[in-house]
file start_3.cif (mmCIF, C-alpha atoms)
data_final
loop_
_atom_site.group_PDB
_atom_site.id
_atom_site.type_symbol
_atom_site.label_atom_id
_atom_site.label_comp_id
_atom_site.auth_asym_id
_atom_site.auth_seq_id
_atom_site.Cartn_x
_atom_site.Cartn_y
_atom_site.Cartn_z
ATOM 1 C CA MET A 1 -4.702 -22.961 -30.448
ATOM 2 C CA VAL A 2 -5.707 -24.763 -33.631
ATOM 3 C CA ASP A 3 -9.244 -26.151 -33.779
ATOM 4 C CA PHE A 4 -8.443 -29.343 -35.697
ATOM 5 C CA VAL A 5 -12.058 -30.498 -35.782
ATOM 6 C CA SER A 6 -13.401 -27.314 -37.426
ATOM 7 C CA GLU A 7 -10.434 -27.058 -39.763
ATOM 8 C CA LEU A 8 -10.790 -30.654 -40.960
ATOM 9 C CA ILE A 9 -14.591 -30.509 -41.226
ATOM 10 C CA SER A 10 -14.187 -27.557 -43.599
ATOM 11 C CA CYS A 11 -12.070 -29.761 -45.906
ATOM 12 C CA ARG A 12 -14.565 -32.602 -46.320
ATOM 13 C CA HIS A 13 -15.847 -32.894 -49.881
ATOM 14 C CA GLU A 14 -19.575 -32.180 -49.898
ATOM 15 C CA ASP A 15 -20.391 -35.278 -51.972
ATOM 16 C CA THR A 16 -18.259 -37.737 -50.023
ATOM 17 C CA HIS A 17 -19.607 -41.142 -49.112
ATOM 18 C CA LEU A 18 -17.323 -41.431 -46.081
ATOM 19 C CA PRO A 19 -19.512 -41.408 -42.983
ATOM 20 C CA PHE A 20 -18.999 -38.757 -40.333
ATOM 21 C CA TYR A 21 -19.823 -39.201 -36.647
ATOM 22 C CA PRO A 22 -19.131 -35.828 -34.988
ATOM 23 C CA GLU A 23 -20.671 -36.982 -31.701
ATOM 24 C CA HIS A 24 -17.876 -39.553 -31.333
ATOM 25 C CA ILE A 25 -14.919 -37.172 -31.788
ATOM 26 C CA ASN A 26 -12.806 -37.470 -28.669
ATOM 27 C CA GLY A 27 -9.265 -36.686 -27.604
ATOM 28 C CA TYR A 28 -6.799 -37.922 -25.039
ATOM 29 C CA THR A 29 -6.327 -36.254 -21.649
ATOM 30 C CA GLU A 30 -3.071 -34.469 -20.818
ATOM 31 C CA GLN A 31 -2.066 -37.394 -18.602
ATOM 32 C CA GLU A 32 -2.770 -39.865 -21.417
ATOM 33 C CA ILE A 33 -0.739 -37.759 -23.854
ATOM 34 C CA ASP A 34 2.182 -37.843 -21.417
ATOM 35 C CA GLN A 35 1.800 -41.642 -21.241
ATOM 36 C CA ILE A 36 1.816 -41.851 -25.039
ATOM 37 C CA ALA A 37 4.990 -39.753 -25.150
ATOM 38 C CA GLU A 38 6.698 -42.113 -22.722
ATOM 39 C CA ILE A 39 5.515 -45.346 -24.379
ATOM 40 C CA TYR A 40 6.567 -44.333 -27.895
ATOM 41 C CA ASN A 41 9.640 -42.153 -27.116
ATOM 42 C CA LEU A 42 8.020 -38.957 -28.411
ATOM 43 C CA GLU A 43 8.135 -35.263 -27.599
ATOM 44 C CA ILE A 44 4.501 -34.272 -27.969
ATOM 45 C CA HIS A 45 4.057 -30.531 -28.353
ATOM 46 C CA GLY A 46 2.446 -27.899 -30.556
ATOM 47 C CA GLN A 47 0.009 -29.080 -33.196
ATOM 48 C CA PHE A 48 0.593 -32.757 -32.441
ATOM 49 C CA ARG A 49 -0.421 -32.253 -28.800
ATOM 50 C CA GLU A 50 -3.484 -30.227 -29.843
ATOM 51 C CA PHE A 51 -4.465 -32.876 -32.386
ATOM 52 C CA LEU A 52 -4.191 -35.718 -29.850
ATOM 53 C CA SER A 53 -6.131 -33.761 -27.221
ATOM 54 C CA GLN A 54 -8.946 -32.903 -29.631
ATOM 55 C CA MET A 55 -9.381 -36.066 -31.692
ATOM 56 C CA GLY A 56 -6.651 -38.598 -30.940
ATOM 57 C CA ARG A 57 -8.977 -41.118 -29.315
ATOM 58 C CA CYS A 58 -11.594 -40.993 -32.111
ATOM 59 C CA SER A 59 -11.620 -38.948 -35.311
ATOM 60 C CA GLY A 60 -15.355 -39.355 -35.808
ATOM 61 C CA GLY A 61 -14.632 -40.198 -39.431
ATOM 62 C CA LEU A 62 -12.630 -37.081 -40.257
ATOM 63 C CA LEU A 63 -9.570 -39.318 -40.529
ATOM 64 C CA TRP A 64 -9.592 -43.000 -41.389
ATOM 65 C CA GLY A 65 -7.165 -45.920 -41.428
ATOM 66 C CA THR A 66 -4.659 -44.119 -43.649
ATOM 67 C CA VAL A 67 -3.576 -42.392 -40.437
ATOM 68 C CA SER A 68 -1.476 -45.018 -38.683
ATOM 69 C CA MET A 69 -2.866 -44.588 -35.175
ATOM 70 C CA PHE A 70 -6.417 -45.134 -36.487
ATOM 71 C CA ARG A 71 -5.496 -48.237 -38.493
ATOM 72 C CA TYR A 72 -7.083 -51.427 -37.155
ATOM 73 C CA SER A 73 -3.689 -53.163 -37.346
ATOM 74 C CA TRP A 74 -1.974 -50.717 -34.936
ATOM 75 C CA ASN A 75 -0.961 -52.355 -31.713
ATOM 76 C CA LYS A 76 1.081 -50.859 -28.924
ATOM 77 C CA GLU A 77 3.553 -53.725 -28.681
ATOM 78 C CA ALA A 78 4.464 -53.570 -32.365
ATOM 79 C CA TYR A 79 5.119 -49.825 -32.306
ATOM 80 C CA THR A 80 6.864 -49.472 -28.936
ATOM 81 C CA ASP A 81 10.271 -50.144 -30.532
ATOM 82 C CA TYR A 82 9.325 -48.851 -33.988
ATOM 83 C CA GLN A 83 11.996 -46.116 -34.059
ATOM 84 C CA LYS A 84 14.757 -48.584 -33.215
ATOM 85 C CA VAL A 85 13.536 -50.992 -35.895
ATOM 86 C CA LEU A 86 13.667 -48.188 -38.487
ATOM 87 C CA ASP A 87 17.199 -47.209 -37.476
ATOM 88 C CA ASP A 88 18.373 -50.835 -37.447
ATOM 89 C CA GLU A 89 17.244 -51.438 -41.033
ATOM 90 C CA ASP A 90 19.913 -52.221 -43.570
ATOM 91 C CA GLU A 91 21.530 -49.034 -44.930
ATOM 92 C CA ILE A 92 20.665 -50.188 -48.456
ATOM 93 C CA ASN A 93 16.942 -50.033 -47.634
ATOM 94 C CA LYS A 94 17.044 -46.527 -46.162
ATOM 95 C CA PRO A 95 16.103 -43.612 -48.389
ATOM 96 C CA ASN A 96 18.451 -40.734 -49.181
ATOM 97 C CA GLY A 97 18.256 -38.050 -46.507
ATOM 98 C CA TRP A 98 17.305 -40.483 -43.733
ATOM 99 C CA ILE A 99 17.466 -38.997 -40.227
ATOM 100 C CA SER A 100 17.771 -41.090 -37.090
ATOM 101 C CA ALA A 101 14.336 -42.283 -36.009
ATOM 102 C CA VAL A 102 15.405 -42.612 -32.359
ATOM 103 C CA GLU A 103 17.220 -39.262 -32.093
ATOM 104 C CA ASN A 104 14.462 -37.392 -33.935
ATOM 105 C CA LYS A 105 11.717 -39.348 -32.172
ATOM 106 C CA LEU A 106 9.807 -40.213 -35.335
ATOM 107 C CA PHE A 107 6.098 -40.914 -35.116
ATOM 108 C CA PRO A 108 4.527 -42.835 -38.020
ATOM 109 C CA LEU A 109 1.725 -40.568 -39.195
ATOM 110 C CA THR A 110 0.341 -42.113 -42.387
ATOM 111 C CA ASN A 111 0.842 -44.956 -44.803
ATOM 112 C CA GLU A 112 -0.585 -44.049 -48.204
ATOM 113 C CA ASN A 113 -0.480 -45.020 -51.849
ATOM 114 C CA GLU A 114 -0.838 -48.767 -51.282
ATOM 115 C CA GLY A 115 1.861 -48.814 -48.627
ATOM 116 C CA ASN A 116 4.523 -47.006 -50.650
ATOM 117 C CA GLN A 117 4.345 -43.543 -49.114
ATOM 118 C CA PHE A 118 5.057 -42.938 -45.443
ATOM 119 C CA ALA A 119 4.631 -39.691 -43.521
ATOM 120 C CA TYR A 120 6.219 -39.052 -40.144
ATOM 121 C CA LEU A 121 6.463 -36.384 -37.493
ATOM 122 C CA ALA A 122 10.002 -35.801 -36.208
ATOM 123 C CA THR A 123 8.777 -34.861 -32.746
ATOM 124 C CA ALA A 124 12.221 -34.003 -31.314
ATOM 125 C CA LEU A 125 12.543 -31.171 -33.847
ATOM 126 C CA LYS A 126 9.535 -29.400 -32.261
ATOM 127 C CA ASN A 127 8.432 -27.715 -35.481
ATOM 128 C CA ASP A 128 5.158 -29.476 -36.469
ATOM 129 C CA TYR A 129 6.495 -30.339 -39.951
ATOM 130 C CA VAL A 130 5.626 -33.589 -41.705
ATOM 131 C CA TRP A 131 8.410 -35.708 -43.223
ATOM 132 C CA LEU A 132 7.759 -37.940 -46.212
ATOM 133 C CA TRP A 133 9.337 -41.050 -47.702
ATOM 134 C CA ASP A 134 8.017 -42.427 -50.987
ATOM 135 C CA ASP A 135 9.259 -46.013 -51.167
ATOM 136 C CA GLY A 136 7.635 -46.457 -54.576
ATOM 137 C CA GLN A 137 10.246 -44.270 -56.267
ATOM 138 C CA PRO A 138 13.532 -45.731 -57.568
ATOM 139 C CA GLU A 139 15.554 -43.005 -55.825
ATOM 140 C CA SER A 140 13.494 -42.640 -52.683
ATOM 141 C CA GLU A 141 14.161 -39.601 -50.537
ATOM 142 C CA PHE A 142 13.236 -38.843 -46.946
ATOM 143 C CA SER A 143 12.590 -35.135 -46.611
ATOM 144 C CA CYS A 144 10.638 -32.473 -44.803
ATOM 145 C CA THR A 145 7.520 -31.542 -46.774
ATOM 146 C CA GLY A 146 7.402 -27.967 -45.483
ATOM 147 C CA SER A 147 3.776 -28.644 -44.493
ATOM 148 C CA THR A 148 2.680 -28.565 -40.889
ATOM 149 C CA LEU A 149 0.606 -31.339 -39.359
ATOM 150 C CA LEU A 150 -2.570 -29.269 -39.820
ATOM 151 C CA GLU A 151 -1.800 -28.484 -43.463
ATOM 152 C CA TYR A 152 -1.022 -32.109 -44.193
ATOM 153 C CA LEU A 153 -4.174 -33.424 -42.483
ATOM 154 C CA LYS A 154 -6.326 -30.839 -44.287
ATOM 155 C CA TRP A 155 -4.908 -32.035 -47.596
ATOM 156 C CA LEU A 156 -5.486 -35.662 -46.560
ATOM 157 C CA VAL A 157 -9.140 -35.071 -45.584
ATOM 158 C CA GLU A 158 -9.809 -33.194 -48.815
ATOM 159 C CA TYR A 159 -8.135 -35.896 -50.915
ATOM 160 C CA GLU A 160 -9.726 -38.899 -49.189
ATOM 161 C CA THR A 161 -13.235 -37.460 -49.058
ATOM 162 C CA LYS A 162 -13.038 -36.454 -52.720
ATOM 163 C CA GLN A 163 -11.949 -39.995 -53.668
ATOM 164 C CA ALA A 164 -14.836 -41.481 -51.667
ATOM 165 C CA ARG A 165 -17.653 -40.055 -53.789
ATOM 166 C CA PHE A 166 -18.533 -43.263 -55.561
ATOM 167 C CA GLY A 167 -20.108 -46.516 -54.521
ATOM 168 C CA ASP A 168 -22.638 -47.121 -51.811
ATOM 169 C CA LYS A 169 -22.910 -44.776 -48.897
ATOM 170 C CA SER A 170 -23.443 -46.622 -45.658
ATOM 171 C CA VAL A 171 -23.412 -45.347 -42.099
ATOM 172 C CA ASN A 172 -22.717 -47.926 -39.424
ATOM 173 C CA PHE A 173 -20.632 -46.690 -36.498
ATOM 174 C CA GLU A 174 -20.184 -50.152 -34.992
ATOM 175 C CA GLN A 175 -18.657 -51.317 -38.257
ATOM 176 C CA ASP A 176 -16.679 -48.130 -38.970
ATOM 177 C CA LYS A 177 -15.231 -47.511 -35.509
ATOM 178 C CA GLN A 178 -12.339 -49.899 -36.144
ATOM 179 C CA TYR A 179 -11.063 -47.420 -38.765
ATOM 180 C CA ILE A 180 -11.540 -44.168 -36.832
ATOM 181 C CA THR A 181 -10.550 -45.072 -33.265
ATOM 182 C CA GLY A 182 -7.093 -44.179 -31.961
ATOM 183 C CA ARG A 183 -5.141 -47.114 -30.557
ATOM 184 C CA LEU A 184 -2.151 -45.455 -28.939
ATOM 185 C CA LEU A 185 -3.020 -46.692 -25.442
ATOM 186 C CA ASP A 186 -4.747 -49.980 -26.317
#
call {"tool": "encode", "arguments": {"input": "start_3.cif", "output": "structure tokens"}}
result
Amino acid sequence: MVDFVSELISCRHEDTHLPFYPEHINGYTEQEIDQIAEIYNLEIHGQFREFLSQMGRCSGGLLWGTVSMFRYSWNKEAYTDYQKVLDDEDEINKPNGWISAVENKLFPLTNENEGNQFAYLATALKNDYVWLWDDGQPESEFSCTGSTLLEYLKWLVEYETKQARFGDKSVNFEQDKQYITGRLLD
């Protein structure tokens, strides 16, 4: 079993100004994870299941709004039919290498680089690999990164905490919780 919390803590940049609230890290129960799988048409297994059970409800500041389920704009109704919406998009707008979102049970993992780069888990493939689509490229491609969920999240924590070394450092959980709280069942 992967200890996501310890693994991600070890990736935080020592000089980061991103607050960390380890006492608030919380995961979903097995029953809640099964509910999430049903609501969003997912097959939750392996690292994804471990991640949700350890820190899916609140990341404590290890992960922020870049991760879709922690973004303040996530709402269950909007994402319930997300896979179908992706598949129904005009063929012209789909990247090269696109795989069916419904058949592969895609879960939107992150939205980075000012909304141009999207990472997904293809949960039906049961292999923990992250898929990436960079919409900011003229010839966008949808492809498997070869990185597992853990590897990808470790990179993300290292990158985001390194970028957040400047500016004022403030710690206010009531203000920050909107960016670090999972919304899959809200």
call {"tool": "resolve_selection", "arguments": {"input": "start_3.cif", "expression": "the PyMOL selection byres ((chain A and resi 159) around 12)", "output": "list in words"}}
result
Leu8, Cys11, Arg12, His13, Thr16, Leu18, Leu62, Leu63, Trp64, Thr66, Glu112, Asn113, Tyr152, Leu153, Lys154, Trp155, Leu156, Val157, Glu158, Glu160, Thr161, Lys162, Gln163, Ala164 and Arg165 of chain A
call {"tool": "residues_around", "arguments": {"input": "start_3.cif", "residues": "Glu23 (chain A)", "least_positions_apart": "4", "cutoff": "12 Å", "atoms": "only C-alpha atoms", "output": "VMD selection string"}}
result
chain A and resid 5 55 58 to 62 173
call {"tool": "resolve_selection", "arguments": {"input": "start_3.cif", "expression": "the PyMOL selection byres ((chain A and resi 132) around 6)", "output": "list in words"}}
result
Phe118, Ala119, Trp131, Trp133, Phe142 and Ser143 of chain A
call {"tool": "closest_residue", "arguments": {"input": "start_3.cif", "among": "A:Phe107, A:Tyr129, A:Tyr21, A:Tyr28", "to": "Met69 (chain A)", "atoms": "only C-alpha atoms"}}
result
A:Phe107
call {"tool": "atom_distance", "arguments": {"input": "start_3.cif", "atom1": "CA of Ile44 (chain A)", "atom2": "CA of Glu89 (chain A)"}}
result
25.1 Å
